[in-house]
>>> print(open('query.txt').read())   # compact mmCIF, C-alpha atoms
# COMPACT_ATOMS: atom_id res chain seq x y z
CA MET H 23 -27.77 -90.98 -106.51
CA GLN H 24 -25.45 -90.44 -103.59
CA VAL H 25 -26.33 -93.86 -102.22
CA LYS H 26 -25.68 -95.46 -105.58
CA THR H 27 -22.24 -93.92 -105.92
CA MET H 28 -21.37 -94.85 -102.39
CA ASN H 29 -22.47 -98.38 -103.16
CA LEU H 30 -20.23 -98.38 -106.22
CA LEU H 31 -17.30 -97.26 -104.12
CA CYS H 32 -17.99 -100.03 -101.66
CA HIS H 33 -18.10 -102.60 -104.39
CA SER H 34 -14.93 -101.35 -106.00
CA ARG H 35 -13.12 -101.46 -102.74
CA LYS H 36 -14.46 -104.88 -101.99
CA VAL H 37 -13.17 -106.15 -105.31
CA LEU H 38 -9.81 -104.50 -104.84
CA SER H 39 -9.53 -105.91 -101.36
CA SER H 40 -10.29 -109.40 -102.64
CA VAL H 41 -7.65 -108.94 -105.33
CA LEU H 42 -5.25 -107.81 -102.62
CA ARG H 43 -6.00 -110.85 -100.58
CA THR H 44 -5.06 -113.17 -103.42
CA SER H 45 -1.78 -111.35 -103.77
CA VAL H 46 -1.00 -112.16 -100.14
CA PHE H 47 -0.99 -115.84 -101.04
CA LEU H 48 1.63 -115.36 -103.75
CA LYS H 49 4.50 -113.59 -102.08
CA ARG H 50 4.64 -112.63 -98.45
CA THR H 51 7.18 -109.83 -98.49
CA GLU H 52 5.91 -108.28 -101.68
CA ALA H 53 2.35 -108.47 -100.40
CA PHE H 54 3.36 -106.72 -97.23
CA GLY H 55 4.60 -103.79 -99.25
CA SER H 56 1.53 -103.72 -101.46
CA ILE H 57 -0.86 -103.95 -98.52
CA CYS H 58 0.82 -101.05 -96.81
CA SER H 59 0.82 -98.91 -99.91
CA ILE H 60 -2.85 -99.57 -100.54
CA SER H 61 -3.78 -98.95 -96.95
CA LYS H 62 -2.08 -95.57 -96.98
CA ALA H 63 -3.92 -94.60 -100.12
CA ARG H 64 -7.16 -95.87 -98.69
CA CYS H 65 -7.77 -93.18 -96.14
CA ILE H 66 -10.56 -91.70 -98.19
CA SER H 67 -13.92 -91.36 -96.50
CA LEU H 68 -16.98 -92.81 -98.10
CA SER H 69 -18.94 -89.60 -97.91
CA VAL H 70 -17.15 -87.85 -100.78
CA PRO H 71 -18.99 -89.12 -103.80
CA GLN H 72 -18.30 -86.12 -106.04
CA HIS H 73 -14.64 -87.00 -106.43
CA PHE H 74 -15.21 -90.69 -106.76
CA THR H 75 -13.90 -90.92 -110.32
CA ALA H 76 -10.71 -89.12 -109.30
CA ASN H 77 -10.37 -91.44 -106.34
CA LEU H 78 -10.81 -94.48 -108.50
CA THR H 79 -8.07 -93.43 -110.88
CA SER H 80 -5.69 -92.59 -108.05
CA CYS H 81 -6.38 -95.94 -106.46
CA GLN H 82 -5.67 -97.73 -109.65
CA ASN H 83 -2.39 -95.90 -110.09
CA SER H 84 -1.23 -96.72 -106.61
CA HIS H 85 -2.11 -100.38 -106.85
CA HIS H 86 0.59 -101.51 -109.21
CA THR H 87 0.06 -105.25 -109.32
CA ALA H 88 -3.43 -105.66 -110.74
CA SER H 89 -4.50 -102.29 -112.07
CA PHE H 90 -6.06 -103.46 -115.34
CA THR H 91 -8.03 -106.36 -113.96
CA GLY H 92 -9.25 -104.10 -111.17
CA HIS H 93 -10.55 -101.59 -113.70
CA PHE H 94 -12.55 -104.19 -115.59
CA ASP H 95 -13.89 -105.72 -112.41
CA ILE H 96 -15.16 -102.33 -111.32
CA LYS H 97 -17.02 -101.95 -114.61
CA ARG H 98 -18.61 -105.37 -114.21
CA CYS H 99 -19.55 -104.66 -110.62
CA TYR H 100 -21.21 -101.42 -111.61
CA SER H 101 -23.45 -103.17 -114.13
CA GLU H 102 -24.25 -105.87 -111.58
CA SER H 103 -25.16 -103.32 -108.96
CA GLU H 104 -27.40 -101.52 -111.46
CA GLU H 105 -29.51 -104.61 -112.10
CA SER H 106 -29.61 -105.85 -108.57
CA ARG H 107 -30.58 -102.48 -107.12
CA ASN H 108 -34.07 -103.10 -108.38
CA SER H 109 -34.41 -106.64 -107.08
CA GLU H 110 -34.60 -107.13 -103.36
CA SER H 111 -32.03 -108.92 -101.27
CA ASN H 112 -29.79 -110.75 -103.68
CA GLY H 113 -27.02 -113.11 -102.74
CA VAL H 114 -24.58 -111.06 -104.84
CA ILE H 115 -24.83 -107.84 -102.90
CA GLU H 116 -23.94 -109.24 -99.60
CA ASP H 117 -23.03 -106.90 -96.93
CA ASP H 118 -22.16 -103.30 -97.76
CA SER H 119 -25.69 -102.28 -98.62
CA HIS H 120 -27.13 -102.83 -95.17
CA GLU H 121 -25.07 -100.03 -93.69
CA LEU H 122 -26.17 -97.51 -96.30
CA ASP H 123 -29.87 -98.30 -96.62
CA ASP H 124 -31.01 -97.51 -93.16
CA ASN H 125 -34.51 -96.60 -94.22
CA SER H 126 -35.25 -99.88 -95.98
CA SER H 127 -38.39 -101.88 -95.35
CA GLU H 128 -38.58 -104.36 -92.51
CA ASN H 129 -39.04 -107.37 -94.76
CA SER H 130 -35.86 -106.68 -96.68
CA SER H 131 -33.87 -106.03 -93.49
CA LEU H 132 -35.02 -109.31 -91.94
CA SER H 133 -34.24 -111.33 -95.03
CA ARG H 134 -30.91 -109.55 -95.44
CA ARG H 135 -30.02 -110.44 -91.87
CA SER H 136 -30.44 -114.12 -92.60
CA LEU H 137 -28.43 -113.94 -95.82
CA GLU H 138 -25.42 -111.91 -94.68
CA THR H 139 -22.79 -113.15 -92.33
CA PHE H 140 -20.29 -111.02 -90.55
CA GLY H 141 -17.35 -111.83 -92.77
CA LEU H 142 -14.09 -110.15 -93.60
CA ASP H 143 -15.76 -107.95 -96.22
CA VAL H 144 -18.27 -106.57 -93.76
CA LEU H 145 -15.57 -105.81 -91.24
CA VAL H 146 -13.25 -104.12 -93.71
CA SER H 147 -16.03 -102.04 -95.18
CA LEU H 148 -17.25 -100.86 -91.82
CA LEU H 149 -13.71 -99.99 -90.74
CA ARG H 150 -13.31 -97.93 -93.87
CA GLN H 151 -16.62 -96.27 -93.22
CA GLU H 152 -15.33 -95.28 -89.80
CA ASN H 153 -12.28 -93.54 -91.33
CA ALA H 154 -9.86 -96.09 -90.02
CA VAL H 155 -6.27 -95.10 -90.58
CA ASP H 156 -3.82 -97.67 -91.99
CA LEU H 157 -6.02 -100.72 -92.23
CA CYS H 158 -3.93 -103.85 -92.57
CA VAL H 159 -5.42 -107.29 -93.21
CA ILE H 160 -3.09 -110.25 -92.98
CA LYS H 161 -4.09 -113.75 -93.94
CA VAL H 162 -2.71 -116.07 -91.30
CA PRO H 163 -1.28 -119.30 -92.75
CA GLU H 164 -3.04 -122.56 -92.01
CA GLN H 165 -0.23 -123.94 -89.83
CA ILE H 166 -0.83 -121.34 -87.17
CA LYS H 167 -4.11 -122.43 -85.70
CA TYR H 168 -5.02 -119.07 -84.32
CA ALA H 169 -7.36 -117.27 -86.68
CA GLU H 170 -7.79 -116.88 -90.40
CA TYR H 171 -7.39 -113.14 -90.67
CA PHE H 172 -5.39 -110.78 -88.52
CA ILE H 173 -6.42 -107.15 -88.86
CA VAL H 174 -4.58 -104.16 -87.44
CA VAL H 175 -6.21 -100.73 -87.52
CA SER H 176 -5.00 -97.37 -86.35
CA GLY H 177 -7.15 -94.56 -85.14
CA VAL H 178 -6.83 -90.83 -84.75
CA SER H 179 -7.45 -90.72 -81.01
CA PRO H 180 -8.44 -93.10 -78.18
CA ARG H 181 -12.02 -91.96 -78.58
CA HIS H 182 -11.90 -92.84 -82.24
CA LEU H 183 -10.60 -96.33 -81.43
CA ARG H 184 -13.32 -96.88 -78.90
CA ALA H 185 -15.97 -95.70 -81.34
CA MET H 186 -14.69 -98.05 -84.05
CA ALA H 187 -14.61 -100.99 -81.67
CA LEU H 188 -18.11 -100.35 -80.39
CA TYR H 189 -19.46 -99.93 -83.89
CA ALA H 190 -17.87 -103.21 -84.96
CA ILE H 191 -19.48 -104.95 -82.01
CA LYS H 192 -22.82 -103.38 -82.84
CA VAL H 193 -22.70 -104.56 -86.44
CA TYR H 194 -21.63 -108.02 -85.33
CA LYS H 195 -24.51 -108.28 -82.91
CA PHE H 196 -26.93 -107.24 -85.60
CA LEU H 197 -25.64 -109.72 -88.12
CA LYS H 198 -24.96 -112.72 -85.94
CA LYS H 199 -27.22 -115.71 -85.69
CA ASP H 200 -28.21 -117.04 -82.33
CA GLU H 201 -25.67 -119.84 -82.29
CA ASP H 202 -22.70 -117.51 -82.73
CA PRO H 203 -20.97 -116.67 -79.45
CA ASN H 204 -20.98 -113.15 -78.09
CA VAL H 205 -17.86 -111.13 -78.61
CA LYS H 206 -16.34 -108.72 -76.13
CA ILE H 207 -13.82 -105.93 -76.42
CA GLU H 208 -10.53 -106.82 -74.74
CA GLY H 209 -8.47 -104.07 -73.27
CA LYS H 210 -11.32 -101.70 -72.67
CA ASP H 211 -9.43 -99.81 -69.97
CA ALA H 212 -6.26 -99.50 -72.05
CA GLU H 213 -6.84 -96.44 -74.17
CA ASP H 214 -4.18 -97.12 -76.79
CA TRP H 215 -4.77 -100.78 -77.65
CA MET H 216 -8.05 -102.66 -77.93
CA CYS H 217 -8.74 -106.07 -79.42
CA ILE H 218 -11.79 -107.92 -80.59
CA ASP H 219 -11.66 -111.62 -81.31
CA PHE H 220 -14.36 -112.78 -83.72
CA GLY H 221 -13.65 -116.50 -84.05
CA ASN H 222 -12.01 -116.54 -87.44
CA MET H 223 -10.79 -112.94 -87.35
CA VAL H 224 -8.94 -110.86 -84.81
CA VAL H 225 -8.97 -107.08 -84.94
CA HIS H 226 -6.52 -104.87 -83.09
CA PHE H 227 -7.25 -101.18 -82.70
CA MET H 228 -4.10 -99.28 -81.79
CA LEU H 229 -2.81 -95.76 -81.76
CA PRO H 230 -0.02 -95.12 -84.28
CA GLU H 231 2.61 -94.81 -81.53
CA THR H 232 1.62 -98.15 -80.03
CA ARG H 233 1.66 -99.68 -83.47
CA GLU H 234 5.25 -98.51 -83.95
CA VAL H 235 6.30 -100.08 -80.68
CA TYR H 236 4.81 -103.51 -81.22
CA GLU H 237 5.00 -103.86 -85.05
CA LEU H 238 2.42 -106.60 -85.16
CA GLU H 239 2.23 -106.62 -88.95
CA LYS H 240 5.91 -107.44 -89.18
CA LEU H 241 5.56 -110.30 -86.76
CA TRP H 242 2.56 -111.83 -88.46
CA THR H 243 3.85 -111.57 -92.01
CA LEU H 244 7.42 -112.64 -91.40
CA ARG H 245 6.76 -115.23 -88.73
CA SER H 246 10.17 -116.31 -87.52
CA TYR H 247 12.21 -113.88 -89.61
CA ASP H 248 11.03 -110.92 -87.60
CA GLU H 249 13.75 -108.48 -86.52
CA GLN H 250 12.62 -108.07 -82.95
CA LEU H 251 12.53 -111.84 -82.52
CA LYS H 252 16.00 -112.21 -83.92
CA SER H 253 17.35 -109.56 -81.59
CA ILE H 254 16.25 -111.56 -78.54
CA PRO H 255 19.44 -113.30 -77.39
CA THR H 256 19.14 -117.08 -77.42
CA GLU H 257 19.19 -118.56 -73.97
CA THR H 258 22.04 -120.90 -73.25
CA LEU H 259 22.36 -123.10 -70.21
CA PRO H 260 25.28 -122.35 -67.88
CA GLU H 261 28.09 -124.87 -67.96
CA ASP H 262 27.51 -126.15 -64.46
CA PHE H 263 23.82 -126.83 -65.04
CA ILE H 264 22.58 -130.20 -63.82
CA PHE H 265 18.96 -131.08 -64.43
CA ASP H 266 18.21 -132.68 -61.13
CA VAL H 267 15.33 -133.11 -58.77
CA GLU H 268 14.73 -129.92 -56.85
CA VAL H 269 14.48 -130.93 -53.25
CA THR H 270 12.19 -128.56 -51.44
CA LYS H 271 12.28 -128.00 -47.72
CA MET U 10 9.85 -134.26 -44.32
CA ALA U 11 11.86 -137.35 -44.76
CA LEU U 12 9.79 -138.33 -47.73
CA PRO U 13 11.64 -136.35 -50.42
CA TRP U 14 14.98 -137.62 -49.10
CA LEU U 15 13.60 -141.12 -49.04
CA SER U 16 12.20 -140.89 -52.51
CA ARG U 17 15.48 -139.48 -53.78
CA SER U 18 17.53 -142.22 -52.26
CA LEU U 19 15.07 -144.82 -53.45
CA SER U 20 15.19 -143.48 -56.97
CA GLY U 21 18.97 -143.52 -56.72
CA LEU U 22 18.86 -147.15 -55.66
CA LEU U 23 16.50 -148.00 -58.41
CA MET U 24 18.70 -146.32 -60.97
CA GLU U 25 21.69 -148.32 -59.84
CA THR U 26 19.86 -151.60 -59.99
CA ALA U 27 18.54 -150.71 -63.38
CA SER U 28 22.03 -150.04 -64.66
CA LEU U 29 23.15 -153.36 -63.25
CA ASN U 30 20.46 -155.45 -64.87
CA CYS U 31 19.35 -153.66 -67.97
CA GLN U 32 20.13 -150.18 -69.28
CA ARG U 33 16.78 -148.60 -68.57
CA ASN U 34 16.59 -144.91 -67.68
CA PHE U 35 14.02 -143.28 -65.49
CA SER U 36 13.02 -139.70 -65.69
CA VAL U 37 12.83 -138.22 -62.25
CA SER U 38 10.74 -135.20 -61.54
CA ALA U 39 9.72 -133.49 -58.34
CA VAL U 40 6.22 -132.79 -57.17
CA ALA U 41 5.01 -129.76 -59.05
CA ALA U 42 2.30 -127.46 -57.89
CA ALA U 43 0.73 -124.56 -59.69
CA ILE U 44 1.92 -121.02 -59.11
CA GLN U 45 1.35 -119.49 -55.69
CA LYS U 46 3.01 -116.92 -53.47
CA MET U 47 6.78 -117.03 -53.31
CA THR U 48 7.21 -119.21 -56.38
CA ARG U 49 10.10 -118.28 -58.58
CA VAL U 50 8.98 -117.72 -62.13
CA ARG U 51 10.59 -117.28 -65.48
CA VAL U 52 9.82 -114.18 -67.49
CA VAL U 53 9.57 -115.15 -71.12
CA ASP U 54 9.05 -111.94 -73.04
CA ASN U 55 11.73 -109.60 -74.33
CA SER U 56 11.13 -106.79 -71.87
CA SER U 57 14.17 -105.17 -70.30
CA LEU U 58 12.74 -105.61 -66.82
CA GLY U 59 12.43 -109.34 -67.28
CA ASN U 60 15.75 -109.94 -68.95
CA THR U 61 18.29 -107.89 -67.08
CA PRO U 62 20.12 -110.07 -64.57
CA TYR U 63 19.45 -109.51 -60.90
CA HIS U 64 20.77 -111.32 -57.87
CA ARG U 65 17.27 -112.53 -56.93
CA PRO U 66 14.94 -114.39 -59.24
CA PRO U 67 11.48 -112.86 -59.80
CA ARG U 68 8.99 -114.18 -57.27
CA VAL U 69 5.23 -114.13 -57.08
CA ILE U 70 3.92 -112.08 -54.20
CA HIS U 71 0.21 -112.21 -54.90
CA VAL U 72 -2.11 -114.26 -57.10
CA TYR U 73 -5.29 -112.58 -58.28
CA THR U 74 -7.66 -115.51 -57.93
CA LYS U 75 -10.15 -116.57 -55.31
CA ASN U 76 -7.83 -119.24 -53.98
CA GLY U 77 -4.19 -118.35 -53.99
CA VAL U 78 -3.35 -120.81 -56.76
CA GLY U 79 -2.47 -119.54 -60.20
CA LYS U 80 -3.02 -121.52 -63.35
CA VAL U 81 -2.56 -120.56 -67.00
CA GLY U 82 -4.29 -117.29 -67.72
CA ASP U 83 -4.27 -115.93 -64.19
CA ARG U 84 -2.79 -112.59 -63.25
CA VAL U 85 -0.14 -112.43 -60.56
CA LEU U 86 1.92 -109.74 -58.91
CA LEU U 87 5.67 -110.23 -59.17
CA ALA U 88 8.56 -108.74 -57.31
CA ILE U 89 11.25 -108.07 -59.93
CA LYS U 90 14.37 -106.03 -59.36
CA GLY U 91 12.95 -104.51 -56.25
CA GLN U 92 9.73 -103.37 -57.91
CA LYS U 93 6.22 -104.74 -58.18
CA LYS U 94 4.90 -105.71 -61.57
CA LYS U 95 1.79 -107.47 -62.75
CA ALA U 96 2.18 -110.52 -64.94
CA LEU U 97 0.18 -113.18 -66.73
CA ILE U 98 0.86 -116.90 -66.32
CA VAL U 99 1.38 -118.63 -69.66
CA GLY U 100 2.52 -122.04 -68.49
CA HIS U 101 3.29 -123.96 -65.36
CA LYS U 102 4.97 -127.18 -64.36
CA MET U 103 1.87 -128.70 -62.90
CA PRO U 104 -0.04 -131.08 -65.16
CA GLY U 105 -3.45 -129.65 -65.95
CA ASP U 106 -6.04 -130.71 -68.47
CA ARG U 107 -5.31 -133.92 -70.34
CA MET U 108 -4.75 -132.31 -73.71
CA ALA U 109 -3.29 -129.09 -72.35
CA PRO U 110 0.47 -128.58 -72.64
CA ARG U 111 2.65 -128.80 -69.57
CA PHE U 112 5.80 -126.75 -69.42
CA ASP U 113 9.16 -127.45 -67.81
CA SER U 114 9.23 -124.02 -66.20
CA ASN U 115 6.69 -121.64 -64.75
CA ASN U 116 6.42 -119.07 -67.53
CA VAL U 117 5.10 -115.61 -67.05
CA VAL U 118 4.62 -112.55 -69.30
CA LEU U 119 4.95 -109.08 -67.80
CA ILE U 120 1.90 -106.88 -68.12
CA GLU U 121 1.05 -103.29 -67.34
CA ASP U 122 -1.86 -102.29 -65.16
CA ASN U 123 -4.04 -101.63 -68.18
CA GLY U 124 -3.34 -105.08 -69.63
CA ASN U 125 -0.80 -104.10 -72.29
CA PRO U 126 2.21 -106.43 -72.38
CA THR U 127 5.49 -104.83 -71.35
CA GLY U 128 7.59 -106.76 -73.84
CA THR U 129 7.03 -106.84 -77.56
CA ARG U 130 7.79 -110.44 -78.50
CA ILE U 131 7.47 -113.83 -76.88
CA LYS U 132 9.77 -116.53 -78.19
CA VAL U 133 8.66 -119.34 -75.90
CA PRO U 134 5.64 -121.39 -77.03
CA VAL U 135 2.35 -120.14 -75.68
CA PRO U 136 -0.66 -122.42 -75.16
CA THR U 137 -3.54 -121.87 -77.53
CA HIS U 138 -6.25 -122.69 -75.01
CA LEU U 139 -5.67 -119.18 -73.63
CA ARG U 140 -7.98 -118.04 -76.38
CA LYS U 141 -10.95 -119.92 -74.98
CA LEU U 142 -10.45 -118.72 -71.43
CA GLU U 143 -12.34 -115.74 -70.09
CA GLY U 144 -10.08 -112.74 -70.01
CA ASP U 145 -8.00 -110.38 -72.13
CA TYR U 146 -5.45 -112.64 -73.76
CA SER U 147 -5.55 -111.48 -77.37
CA LYS U 148 -2.75 -109.01 -76.79
CA VAL U 149 -0.41 -111.65 -75.41
CA LEU U 150 -1.35 -114.03 -78.23
CA ALA U 151 -0.69 -111.27 -80.75
CA ILE U 152 2.94 -110.85 -79.70
CA ALA U 153 3.61 -114.57 -79.36
CA ASN U 154 5.72 -116.26 -82.00
CA SER U 155 4.93 -119.94 -81.55
CA PHE U 156 1.86 -121.67 -80.24
CA VAL U 157 1.54 -125.03 -78.57
>>> encode(input="query.txt", output="structure tokens")
Amino acid sequence: MQVKTMNLLCHSRKVLSSVLRTSVFLKRTEAFGSICSISKARCISLSVPQHFTANLTSCQNSHHTASFTGHFDIKRCYSESEESRNSESNGVIEDDSHELDDNSSENSSLSRRSLETFGLDVLVSLLRQENAVDLCVIKVPEQIKYAEYFIVVSGVSPRHLRAMALYAIKVYKFLKKDEDPNVKIEGKDAEDWMCIDFGNMVVHFMLPETREVYELEKLWTLRSYDEQLKSIPTETLPEDFIFDVEVTK
Amino acid sequence: MALPWLSRSLSGLLMETASLNCQRNFSVSAVAAAIQKMTRVRVVDNSSLGNTPYHRPPRVIHVYTKNGVGKVGDRVLLAIKGQKKKALIVGHKMPGDRMAPRFDSNNVVLIEDNGNPTGTRIKVPVPTHLRKLEGDYSKVLAIANSFV
């Protein structure tokens, strides 16, 4: 019963996150505001299933753009999850279930491993499971050939950040196929900022103070209109500058 | 030792003859090597240490590689404003890989000892092949504005 409700929560959040992602395409600045508001409301741990109805309603109230569609999607997801609980690994339930059903049979775990890939949904759900504070997922536009998704997460303490990063690596290693490259944690000795680069996604684990200093979300949503960029004085050449061959000794 | 003088005068001669016959312009550039000790570098992030004017340009005093030559992605130790600071090379004048960008100045980003960048934004284009190199470059790529 507890597992089922937790699964429902996962599904609802997955749906809401996918709805959020579509809103990022529409309007950048508006999406930035909506992402932040949702992320602040999202600091609810998964292990509180008794209040899940209250949580759902509060979530719907806070998410102003697509509250009605979200509600209906949740209902549909619940019915889907009911049917597919009985059947074994289905393509529909991709990823959240593997974290909850630890005592599943070996056959199902092996087949699930081949079906699920470590995508954005897996990462976001595991970060939420780890009580990540202020999760922010930004879809990077196609022109910037860096990654597809840029994720910034805050943590409570350096130990929390390290635990989240290590857990993400553990899940990635479990889910990856043999041809996927290994991923390492960058900035392991820096206790306030750690990064992991999974090919198409980049995750940054920072402390809230560090996050305030760098303001990565602002930079990656408003690319050239960022305030800190604008405040850098433009470099001008001095008047007596001559681009000439530098004769060394 | 006479070679650079000779080459300069020769290029000057050539330019004059070119202007006489047909208006063709040459681009003249000096021999460029990668970054080593005592090279003057350009700090490209928006840190206060890198941007406040000082009577001496920042120089490299040590390159953290096996040979003393620094390419893109190598850490170096700089002497800036009378203090030592670690930095990361993000571009040099020396031509490297065929499809890798070459910059007109030796660019460097200041870094703390734990790898965190000192500045918060980088306006200058940063090469994207930093991502494939072995090392902790995601932080520098995260604060960069434009990629090359």
>>> residues_around(input="query.txt", residues="region 172-176 of chain H", least_positions_apart="6", cutoff="6 Å", atoms="only C-alpha atoms", output="number ranges by chain")
H: 155-160, 223-230
>>> write_last_selection(input="query.txt", atoms="C-alpha atoms", output="short mmCIF file (atom, residue, chain, number, x, y, z; two decimals), keeping the file's coordinate frame")
data_model
loop_
_atom_site.label_atom_id
_atom_site.label_comp_id
_atom_site.auth_asym_id
_atom_site.auth_seq_id
_atom_site.Cartn_x
_atom_site.Cartn_y
_atom_site.Cartn_z
CA VAL H 155 -6.27 -95.10 -90.58
CA ASP H 156 -3.82 -97.67 -91.99
CA LEU H 157 -6.02 -100.72 -92.23
CA CYS H 158 -3.93 -103.85 -92.57
CA VAL H 159 -5.42 -107.29 -93.21
CA ILE H 160 -3.09 -110.25 -92.98
CA MET H 223 -10.79 -112.94 -87.35
CA VAL H 224 -8.94 -110.86 -84.81
CA VAL H 225 -8.97 -107.08 -84.94
CA HIS H 226 -6.52 -104.87 -83.09
CA PHE H 227 -7.25 -101.18 -82.70
CA MET H 228 -4.10 -99.28 -81.79
CA LEU H 229 -2.81 -95.76 -81.76
CA PRO H 230 -0.02 -95.12 -84.28
#
>>> residues_around(input="query.txt", residues="region 110-113 of chain U", least_positions_apart="3", cutoff="10 Å", atoms="all atoms listed in the file", output="PyMOL selection string")
chain U and resi 41+99-107+116+134-138+157
>>> write_last_selection(input="query.txt", atoms="C-alpha atoms", output="mmCIF file, in the coordinates of the input")
data_model
loop_
_atom_site.group_PDB
_atom_site.id
_atom_site.type_symbol
_atom_site.label_atom_id
_atom_site.label_comp_id
_atom_site.auth_asym_id
_atom_site.auth_seq_id
_atom_site.Cartn_x
_atom_site.Cartn_y
_atom_site.Cartn_z
ATOM 1 C CA ALA U 41 5.010 -129.760 -59.050
ATOM 2 C CA VAL U 99 1.380 -118.630 -69.660
ATOM 3 C CA GLY U 100 2.520 -122.040 -68.490
ATOM 4 C CA HIS U 101 3.290 -123.960 -65.360
ATOM 5 C CA LYS U 102 4.970 -127.180 -64.360
ATOM 6 C CA MET U 103 1.870 -128.700 -62.900
ATOM 7 C CA PRO U 104 -0.040 -131.080 -65.160
ATOM 8 C CA GLY U 105 -3.450 -129.650 -65.950
ATOM 9 C CA ASP U 106 -6.040 -130.710 -68.470
ATOM 10 C CA ARG U 107 -5.310 -133.920 -70.340
ATOM 11 C CA ASN U 116 6.420 -119.070 -67.530
ATOM 12 C CA PRO U 134 5.640 -121.390 -77.030
ATOM 13 C CA VAL U 135 2.350 -120.140 -75.680
ATOM 14 C CA PRO U 136 -0.660 -122.420 -75.160
ATOM 15 C CA THR U 137 -3.540 -121.870 -77.530
ATOM 16 C CA HIS U 138 -6.250 -122.690 -75.010
ATOM 17 C CA VAL U 157 1.540 -125.030 -78.570
#
>>> closest_residue(input="query.txt", among="H:Ile264, H:Ile166, H:Leu259, H:Ile191", to="chain U", atoms="all atoms listed in the file")
H:Ile166
>>> interface_residues(input="query.txt", of="chain H", to="chain U", cutoff="6 Å", atoms="all atoms listed in the file", output="short mmCIF file (atom, residue, chain, number, x, y, z; two decimals) with C-alpha atoms, in the coordinates of the input")
data_model
loop_
_atom_site.label_atom_id
_atom_site.label_comp_id
_atom_site.auth_asym_id
_atom_site.auth_seq_id
_atom_site.Cartn_x
_atom_site.Cartn_y
_atom_site.Cartn_z
CA GLU H 208 -10.53 -106.82 -74.74
CA ASP H 211 -9.43 -99.81 -69.97
CA ALA H 212 -6.26 -99.50 -72.05
CA TYR H 236 4.81 -103.51 -81.22
CA VAL H 267 15.33 -133.11 -58.77
#
>>> residues_around(input="query.txt", residues="Tyr171 (chain H)", least_positions_apart="4", cutoff="12 Å", atoms="only C-alpha atoms", output="PyMOL selection string")
chain H and resi 43+46+141-143+145-146+158-164+166-167+219-226+239+242-243
>>> write_last_selection(input="query.txt", atoms="C-alpha atoms", output="short mmCIF file (atom, residue, chain, number, x, y, z; two decimals), in the coordinates of the input")
data_model
loop_
_atom_site.label_atom_id
_atom_site.label_comp_id
_atom_site.auth_asym_id
_atom_site.auth_seq_id
_atom_site.Cartn_x
_atom_site.Cartn_y
_atom_site.Cartn_z
CA ARG H 43 -6.00 -110.85 -100.58
CA VAL H 46 -1.00 -112.16 -100.14
CA GLY H 141 -17.35 -111.83 -92.77
CA LEU H 142 -14.09 -110.15 -93.60
CA ASP H 143 -15.76 -107.95 -96.22
CA LEU H 145 -15.57 -105.81 -91.24
CA VAL H 146 -13.25 -104.12 -93.71
CA CYS H 158 -3.93 -103.85 -92.57
CA VAL H 159 -5.42 -107.29 -93.21
CA ILE H 160 -3.09 -110.25 -92.98
CA LYS H 161 -4.09 -113.75 -93.94
CA VAL H 162 -2.71 -116.07 -91.30
CA PRO H 163 -1.28 -119.30 -92.75
CA GLU H 164 -3.04 -122.56 -92.01
CA ILE H 166 -0.83 -121.34 -87.17
CA LYS H 167 -4.11 -122.43 -85.70
CA ASP H 219 -11.66 -111.62 -81.31
CA PHE H 220 -14.36 -112.78 -83.72
CA GLY H 221 -13.65 -116.50 -84.05
CA ASN H 222 -12.01 -116.54 -87.44
CA MET H 223 -10.79 -112.94 -87.35
CA VAL H 224 -8.94 -110.86 -84.81
CA VAL H 225 -8.97 -107.08 -84.94
CA HIS H 226 -6.52 -104.87 -83.09
CA GLU H 239 2.23 -106.62 -88.95
CA TRP H 242 2.56 -111.83 -88.46
CA THR H 243 3.85 -111.57 -92.01
#
>>> residues_around(input="query.txt", residues="Phe140 (chain H)", least_positions_apart="2", cutoff="7 Å", atoms="all atoms listed in the file", output="list of chain:residue names")
H:Glu138, H:Leu142, H:Val144, H:Tyr194, H:Leu197, H:Lys198
>>> residues_around(input="query.txt", residues="Lys94 (chain U)", least_positions_apart="5", cutoff="10 Å", atoms="only C-alpha atoms", output="ChimeraX atom specification")
/U:58,67,69-70,85-89,119-122,127
>>> atom_distance(input="query.txt", atom1="CA of Ala154 (chain H)", atom2="CA of Gln250 (chain H)")
26.4 Å
>>> atom_distance(input="query.txt", atom1="CA of Arg233 (chain H)", atom2="CA of Trp215 (chain H)")
8.7 Å
